[in-house]
file start.cif (mmCIF, C-alpha atoms and all ligand atoms)
data_protein
#
loop_
_atom_site.label_atom_id
_atom_site.label_comp_id
_atom_site.auth_asym_id
_atom_site.auth_seq_id
_atom_site.Cartn_x
_atom_site.Cartn_y
_atom_site.Cartn_z
CA MET A 1 -67.19 295.17 121.36
CA GLN A 2 -64.96 292.57 119.75
CA PHE A 3 -65.29 288.80 119.90
CA HIS A 4 -62.48 286.53 118.78
CA VAL A 5 -63.19 282.82 118.62
CA LEU A 6 -60.57 280.05 118.50
CA THR A 7 -61.93 276.79 117.12
CA ILE A 8 -61.16 273.85 114.87
CA PHE A 9 -64.65 274.19 113.35
CA PRO A 10 -64.99 277.80 112.13
CA GLU A 11 -67.87 276.81 109.85
CA ILE A 12 -70.15 276.33 112.88
CA PHE A 13 -70.18 280.10 113.37
CA ALA A 14 -71.19 281.11 109.86
CA SER A 15 -74.98 281.05 110.05
CA PRO A 16 -75.60 282.19 113.66
CA LEU A 17 -73.44 285.25 112.99
CA ALA A 18 -75.15 285.94 109.66
CA ALA A 19 -78.72 286.33 110.91
CA SER A 20 -80.90 288.69 112.93
CA LEU A 21 -79.48 290.90 115.70
CA LEU A 22 -75.89 289.67 115.48
CA LYS A 23 -75.79 290.29 111.75
CA LYS A 24 -77.27 293.78 112.07
CA ALA A 25 -74.96 294.73 114.92
CA GLN A 26 -71.92 293.72 112.87
CA GLU A 27 -73.21 295.67 109.87
CA LYS A 28 -73.69 298.74 112.07
CA GLY A 29 -70.14 298.31 113.36
CA ILE A 30 -71.30 297.95 116.97
CA LEU A 31 -69.63 294.60 117.27
CA SER A 32 -67.23 292.43 115.38
CA CYS A 33 -66.75 288.66 115.49
CA THR A 34 -63.58 287.12 114.12
CA VAL A 35 -63.31 283.36 113.95
CA HIS A 36 -59.79 281.92 113.95
CA ASN A 37 -59.00 278.37 112.88
CA LEU A 38 -56.80 276.66 115.46
CA ARG A 39 -55.42 274.45 112.72
CA ASP A 40 -53.70 277.50 111.19
CA TYR A 41 -51.50 277.57 114.30
CA ALA A 42 -50.60 273.89 114.16
CA THR A 43 -47.22 272.85 112.80
CA GLY A 44 -45.98 269.63 111.26
CA ARG A 45 -46.97 267.84 108.11
CA HIS A 46 -50.45 266.94 109.33
CA ARG A 47 -51.15 270.13 111.24
CA ALA A 48 -52.41 267.99 114.10
CA VAL A 49 -54.28 269.78 116.88
CA ASP A 50 -54.87 266.66 118.99
CA ASP A 51 -52.94 263.71 120.32
CA THR A 52 -53.49 260.62 122.47
CA PRO A 53 -53.71 261.07 126.25
CA TYR A 54 -50.73 260.34 128.46
CA GLY A 55 -51.61 257.54 130.83
CA GLY A 56 -53.82 255.91 128.25
CA GLY A 57 -57.58 255.92 127.93
CA GLN A 58 -60.08 256.74 125.23
CA GLY A 59 -60.27 259.70 122.90
CA MET A 60 -57.93 262.48 121.96
CA VAL A 61 -56.73 265.59 123.76
CA MET A 62 -56.13 269.02 122.24
CA LYS A 63 -52.42 269.77 122.14
CA PRO A 64 -51.10 272.79 124.03
CA GLU A 65 -48.78 274.21 121.33
CA PRO A 66 -51.34 275.21 118.65
CA VAL A 67 -53.86 276.44 121.22
CA VAL A 68 -51.37 278.62 123.08
CA ALA A 69 -49.82 279.82 119.81
CA ALA A 70 -53.31 280.87 118.66
CA LEU A 71 -54.12 282.57 121.98
CA GLU A 72 -50.84 284.49 121.90
CA GLY A 73 -51.02 285.26 118.19
CA VAL A 74 -54.58 286.62 118.40
CA CYS A 75 -54.08 288.52 121.67
CA GLN A 76 -50.85 290.15 120.48
CA SER A 77 -52.73 292.73 118.43
CA LEU A 78 -55.50 293.35 121.01
CA THR A 79 -55.27 295.96 123.75
CA THR A 80 -57.42 294.43 126.47
CA PRO A 81 -58.21 290.82 125.61
CA TRP A 82 -60.16 288.76 128.18
CA ARG A 83 -59.52 285.09 127.49
CA ILE A 84 -62.33 282.66 128.22
CA PHE A 85 -62.16 278.88 127.91
CA LEU A 86 -65.58 277.28 127.43
CA SER A 87 -65.61 274.24 129.67
CA PRO A 88 -68.15 272.15 131.56
CA GLN A 89 -65.84 272.57 134.56
CA GLY A 90 -66.05 276.38 134.48
CA LYS A 91 -68.22 278.81 136.43
CA MET A 92 -71.83 278.65 135.35
CA LEU A 93 -72.95 281.43 133.00
CA THR A 94 -75.63 283.65 134.58
CA GLN A 95 -77.16 286.96 133.54
CA ALA A 96 -74.93 288.66 136.13
CA LYS A 97 -71.85 287.13 134.51
CA VAL A 98 -73.16 288.15 131.07
CA ALA A 99 -73.57 291.75 132.27
CA GLU A 100 -70.03 291.70 133.67
CA LEU A 101 -68.62 290.41 130.37
CA ALA A 102 -70.56 293.05 128.41
CA HIS A 103 -68.40 295.70 130.13
CA ARG A 104 -65.26 294.29 128.58
CA GLU A 105 -64.01 295.45 125.19
CA THR A 106 -62.62 292.25 123.77
CA LEU A 107 -63.54 288.67 124.54
CA VAL A 108 -61.40 285.82 123.24
CA LEU A 109 -63.35 282.55 123.33
CA LEU A 110 -61.48 279.27 123.23
CA CYS A 111 -63.52 276.23 122.17
CA GLY A 112 -62.43 272.75 123.20
CA ARG A 113 -63.18 269.52 121.32
CA TYR A 114 -62.51 265.79 121.77
CA GLU A 115 -61.97 264.65 125.38
CA GLY A 116 -60.93 268.20 126.21
CA VAL A 117 -57.72 270.22 126.23
CA ASP A 118 -54.29 269.60 127.73
CA GLU A 119 -54.51 270.72 131.37
CA ARG A 120 -51.64 273.21 130.94
CA ILE A 121 -53.74 275.34 128.58
CA ARG A 122 -55.81 276.44 131.58
CA LEU A 123 -52.86 278.57 132.72
CA PHE A 124 -53.15 280.68 129.57
CA VAL A 125 -56.76 281.87 129.98
CA ASP A 126 -58.39 284.35 132.37
CA GLU A 127 -61.48 282.34 133.22
CA GLU A 128 -63.45 279.21 132.44
CA ILE A 129 -67.16 279.35 131.73
CA SER A 130 -69.73 276.58 131.52
CA ILE A 131 -73.15 277.14 129.99
CA GLY A 132 -74.79 274.44 132.08
CA ASP A 133 -74.52 271.08 133.75
CA TYR A 134 -74.64 268.98 130.62
CA MET A 135 -72.03 267.79 128.16
CA LEU A 136 -71.60 269.29 124.69
CA SER A 137 -69.37 267.80 122.04
CA GLY A 138 -67.47 271.05 121.66
CA GLY A 139 -67.18 274.60 122.98
CA GLU A 140 -68.56 276.20 119.79
CA LEU A 141 -72.23 276.27 120.76
CA ALA A 142 -71.25 277.48 124.22
CA ALA A 143 -69.22 280.30 122.66
CA LEU A 144 -72.21 281.27 120.55
CA VAL A 145 -74.39 281.36 123.65
CA VAL A 146 -71.90 283.73 125.29
CA ILE A 147 -71.71 285.91 122.16
CA ASP A 148 -75.50 286.11 121.82
CA ALA A 149 -76.17 286.84 125.48
CA VAL A 150 -73.37 289.42 125.81
CA ALA A 151 -74.07 291.13 122.47
CA ARG A 152 -77.68 291.93 123.34
CA LEU A 153 -76.47 293.98 126.33
CA VAL A 154 -74.18 296.08 124.16
CA PRO A 155 -76.02 299.40 123.59
CA GLY A 156 -77.54 299.58 120.12
CA VAL A 157 -77.67 295.84 119.46
CA VAL A 158 -81.25 295.39 120.68
CA GLY A 159 -83.44 298.17 119.24
CA ARG A 160 -85.02 299.74 122.28
CA HIS A 161 -82.71 299.38 125.22
CA GLU A 162 -85.55 299.07 127.71
CA SER A 163 -86.64 295.76 126.20
CA VAL A 164 -83.39 294.34 127.54
CA GLU A 165 -83.84 295.99 130.94
CA ASN A 166 -87.19 294.38 131.74
CA GLU A 167 -86.40 290.87 130.68
CA SER A 168 -86.30 287.75 132.79
CA PHE A 169 -83.30 287.62 135.14
CA SER A 170 -82.44 291.33 134.76
CA HIS A 171 -83.79 292.12 138.20
CA GLY A 172 -83.53 288.57 139.39
CA LEU A 173 -87.15 287.78 138.45
CA LEU A 174 -88.79 286.04 135.51
CA GLU A 175 -90.61 288.30 133.08
CA TYR A 176 -94.39 288.91 133.07
CA PRO A 177 -96.54 287.22 130.36
CA HIS A 178 -96.95 288.85 126.95
CA TYR A 179 -100.04 289.00 124.73
CA THR A 180 -100.72 290.29 121.24
CA ARG A 181 -103.72 290.28 118.88
CA PRO A 182 -106.29 288.70 118.70
CA GLU A 183 -108.11 289.58 121.92
CA GLU A 184 -109.68 286.11 121.95
CA PHE A 185 -107.84 283.02 120.69
CA ARG A 186 -109.66 279.66 120.86
CA GLY A 187 -111.71 280.96 123.75
CA LEU A 188 -108.64 282.23 125.61
CA LEU A 189 -108.89 285.90 126.51
CA VAL A 190 -106.27 288.58 126.96
CA PRO A 191 -106.40 289.81 130.61
CA ASP A 192 -108.72 292.85 130.88
CA VAL A 193 -106.15 295.01 132.56
CA LEU A 194 -103.96 294.99 129.45
CA LEU A 195 -106.85 296.41 127.40
CA SER A 196 -107.68 299.06 130.02
CA GLY A 197 -105.20 301.68 128.87
CA ASN A 198 -104.44 302.36 132.55
CA HIS A 199 -100.64 302.41 132.58
CA ALA A 200 -100.23 302.40 136.33
CA GLU A 201 -102.49 299.38 136.71
CA ILE A 202 -100.78 297.59 133.85
CA ALA A 203 -97.37 298.20 135.42
CA MET A 204 -98.63 296.87 138.77
CA TRP A 205 -100.21 293.80 137.16
CA ARG A 206 -97.00 293.04 135.29
CA ARG A 207 -94.90 293.37 138.41
CA GLN A 208 -97.23 291.03 140.31
CA GLN A 209 -97.24 288.50 137.47
CA SER A 210 -93.49 288.62 137.40
CA LEU A 211 -93.35 287.92 141.15
CA LEU A 212 -95.92 285.12 140.94
CA ARG A 213 -94.30 283.47 137.97
CA THR A 214 -90.94 283.49 139.72
CA LEU A 215 -92.53 282.06 142.87
CA GLN A 216 -94.16 279.28 140.87
CA GLU A 217 -91.45 278.42 138.35
CA ARG A 218 -88.17 279.46 139.95
CA PRO A 219 -88.59 280.03 143.71
CA ASP A 220 -84.80 279.72 144.03
CA LEU A 221 -84.44 283.10 142.26
CA LEU A 222 -86.64 284.97 144.74
CA ALA A 223 -84.11 284.84 147.55
CA LYS A 224 -81.66 287.00 145.60
CA ALA A 225 -84.17 289.16 143.65
CA GLU A 226 -84.85 292.87 144.13
CA VAL A 227 -88.16 292.60 145.99
CA THR A 228 -89.64 295.22 148.35
CA GLU A 229 -90.88 294.42 151.86
CA GLU A 230 -94.43 295.06 150.72
CA GLU A 231 -94.02 292.63 147.82
CA LYS A 232 -92.57 290.01 150.15
CA ARG A 233 -95.64 290.33 152.38
CA TRP A 234 -97.92 290.08 149.35
CA LEU A 235 -96.14 286.92 148.14
CA ALA A 236 -96.27 285.36 151.61
CA GLN A 237 -100.00 286.05 151.73
CA PHE A 238 -100.44 284.53 148.28
CA LYS A 239 -98.54 281.43 149.38
CA THR A 240 -100.67 280.88 152.51
CA GLU A 241 -103.93 281.49 150.62
CA ASN A 242 -102.95 278.98 147.95
CA SER A 243 -101.55 276.31 150.22
CA SER A 244 -104.81 276.17 152.22
CA GLN A 245 -106.88 275.47 149.10
N1 LIG B 1 -63.90 265.49 129.08
C1 LIG B 1 -64.17 266.87 129.37
C2 LIG B 1 -65.25 267.42 128.46
C3 LIG B 1 -64.89 267.49 127.02
S1 LIG B 1 -66.21 268.02 126.01
C4 LIG B 1 -64.63 267.02 130.82
O1 LIG B 1 -65.19 266.08 131.37
O2 LIG B 1 -64.48 268.10 131.37
C5 LIG B 1 -65.35 268.85 124.75
C6 LIG B 1 -65.39 270.36 124.83
O3 LIG B 1 -66.74 270.79 124.75
C7 LIG B 1 -64.85 270.98 126.10
O4 LIG B 1 -63.45 271.14 126.06
C8 LIG B 1 -65.55 272.32 126.14
O5 LIG B 1 -64.88 273.28 125.34
C9 LIG B 1 -66.90 272.00 125.47
N2 LIG B 1 -68.01 271.85 126.43
C10 LIG B 1 -68.68 270.69 126.72
N3 LIG B 1 -69.66 270.91 127.60
C11 LIG B 1 -69.67 272.23 127.86
C12 LIG B 1 -70.46 273.07 128.72
N4 LIG B 1 -71.46 272.58 129.45
N5 LIG B 1 -70.16 274.39 128.76
C13 LIG B 1 -69.15 274.90 128.01
N6 LIG B 1 -68.37 274.16 127.21
C14 LIG B 1 -68.61 272.84 127.12
#
call {"tool": "encode", "arguments": {"input": "start.cif", "output": "structure tokens", "more": "lines below"}}
Ligand code: SAH
result
Amino acid sequence: MQFHVLTIFPEIFASPLAASLLKKAQEKGILSCTVHNLRDYATGRHRAVDDTPYGGGQGMVMKPEPVVAALEGVCQSLTTPWRIFLSPQGKMLTQAKVAELAHRETLVLLCGRYEGVDERIRLFVDEEISIGDYMLSGGELAALVVIDAVARLVPGVVGRHESVENESFSHGLLEYPHYTRPEEFRGLLVPDVLLSGNHAEIAMWRRQQSLLRTLQERPDLLAKAEVTEEEKRWLAQFKTENSSQ
């Protein structure tokens, strides 16, 4: 899997790419991240990448020429580039979208800055992605979120593949609670079932916790989750029992 990032602040990427899973995956050759400086594609004495907005108003706008020159220059040598513009106006990133992106070979991530990019740049990308309904000062952190989330689905990046499979959102549910030693911490005990050694019971408890947690914290997810008829009945019963208390 290859990531190519286009940015005017390449230095932002240095430390996130040089630690933990992303670092190891690059060392193993499972993925590569190349950060390209948009300024290298700017022409003129000042190598300007921004200019004032037509029609007036505050702030600066990223110019189309260097951005499109960078997109074309970088994509020229790639066989199947998928060009993404990080934008608060894009489709919201979800685990389903992450899984879809993980099937691609090469992602090219364009990071905006200032007031945004010249509107015509949108015609030169394949899709626009937002990481949430809030405003960032640039696309760099959003690009890193995409890289991190996608990379961990690439086989070999996360040690045991099953630890990715069970996680929150994978089956549309939040994950069950985790515990480690000690058995008692400030009077708080680890649930007995986890100490029982009974794998079937543990699996059932975890599934139920996952359902309950989703019901309590993110009921909106339940509608689309993979839940059996029996589990739906169990949840409905839980809801009525708890609402009458
Ligand atoms: N004025 C623009 C926002 C500019 S913010 C507008 O209202 O749409 C500057 C850059 O930060 C954007 O071009 C985009 O690349 C990035 N950005 C800001 N918020 C983001 C978000 N929620 N998701 C992804 N990228 C974002």
call {"tool": "residues_near_ligand", "arguments": {"input": "start.cif", "ligand": "ligand LIG 1 (chain B)", "cutoff": "10 Å", "atoms": "only C-alpha atoms and all ligand atoms", "output": "ChimeraX atom specification"}}
result
/A:7,59-62,85-93,109-118,128-143,145-146
call {"tool": "residues_around", "arguments": {"input": "start.cif", "residues": "A:Lys24", "least_positions_apart": "6", "cutoff": "10 Å", "atoms": "only C-alpha atoms", "output": "mmCIF file with C-alpha atoms, keeping the file's coordinate frame"}}
result
data_model
loop_
_atom_site.group_PDB
_atom_site.id
_atom_site.type_symbol
_atom_site.label_atom_id
_atom_site.label_comp_id
_atom_site.auth_asym_id
_atom_site.auth_seq_id
_atom_site.Cartn_x
_atom_site.Cartn_y
_atom_site.Cartn_z
ATOM 1 C CA LEU A 17 -73.440 285.250 112.990
ATOM 2 C CA ALA A 18 -75.150 285.940 109.660
ATOM 3 C CA ILE A 30 -71.300 297.950 116.970
ATOM 4 C CA LEU A 31 -69.630 294.600 117.270
ATOM 5 C CA GLY A 156 -77.540 299.580 120.120
ATOM 6 C CA VAL A 157 -77.670 295.840 119.460
ATOM 7 C CA VAL A 158 -81.250 295.390 120.680
#
call {"tool": "atom_distance", "arguments": {"input": "start.cif", "atom1": "atom CA of A:Met204", "atom2": "atom CA of A:Arg160"}}
result
21.6 Å
call {"tool": "atom_distance", "arguments": {"input": "start.cif", "atom1": "atom CA of A:Glu72", "atom2": "atom CA of A:Pro16"}}
result
26.2 Å
call {"tool": "closest_atom_pairs", "arguments": {"input": "start.cif", "of": "stretch 10-102 of chain A", "to": "stretch 168-177 of chain A", "cutoff": "12 Å", "atoms": "only C-alpha atoms", "output": "tab-separated table"}}
result
residue	atom	partner	partner_atom	distance
A:Thr94	CA	A:Phe169	CA	8.7
A:Gln95	CA	A:Phe169	CA	6.4
A:Ala96	CA	A:Ser170	CA	8.1
A:Lys97	CA	A:Ser170	CA	11.4
A:Val98	CA	A:Ser170	CA	10.5
A:Ala99	CA	A:Ser170	CA	9.2
call {"tool": "atom_distance", "arguments": {"input": "start.cif", "atom1": "atom CA of A:Leu235", "atom2": "atom CA of A:Val193"}}
result
20.2 Å
call {"tool": "closest_residue", "arguments": {"input": "start.cif", "among": "A:Ile8, A:Val68, A:Leu212, A:Val108", "to": "A:Arg47", "atoms": "all atoms listed in the file"}}
result
A:Ile8
call {"tool": "closest_residue", "arguments": {"input": "start.cif", "among": "A:Trp82, A:Tyr54, A:Phe9, A:Tyr179", "to": "A:Glu119", "atoms": "all atoms listed in the file"}}
result
A:Tyr54
call {"tool": "decode", "arguments": {"input": "start.cif", "residues": "stretch 157-171 of chain A", "atoms": "C-alpha atoms", "output": "compact mmCIF listing (two decimals), in the first residue's frame"}}
result
# COMPACT_ATOMS: atom_id res chain seq x y z
CA VAL A 157 0.41 -3.81 9.96
CA VAL A 158 -1.39 -4.77 13.18
CA GLY A 159 0.25 -7.86 14.69
CA ARG A 160 -2.60 -10.30 15.06
CA HIS A 161 -5.17 -9.64 12.40
CA GLU A 162 -8.06 -10.66 14.62
CA SER A 163 -7.46 -7.71 16.94
CA VAL A 164 -8.56 -5.52 14.06
CA GLU A 165 -11.57 -7.71 13.28
CA ASN A 166 -13.18 -7.45 16.71
CA GLU A 167 -12.77 -3.75 17.24
CA SER A 168 -15.44 -1.13 17.64
CA PHE A 169 -17.29 -0.36 14.39
CA SER A 170 -16.02 -3.48 12.57
CA HIS A 171 -19.39 -5.18 12.88
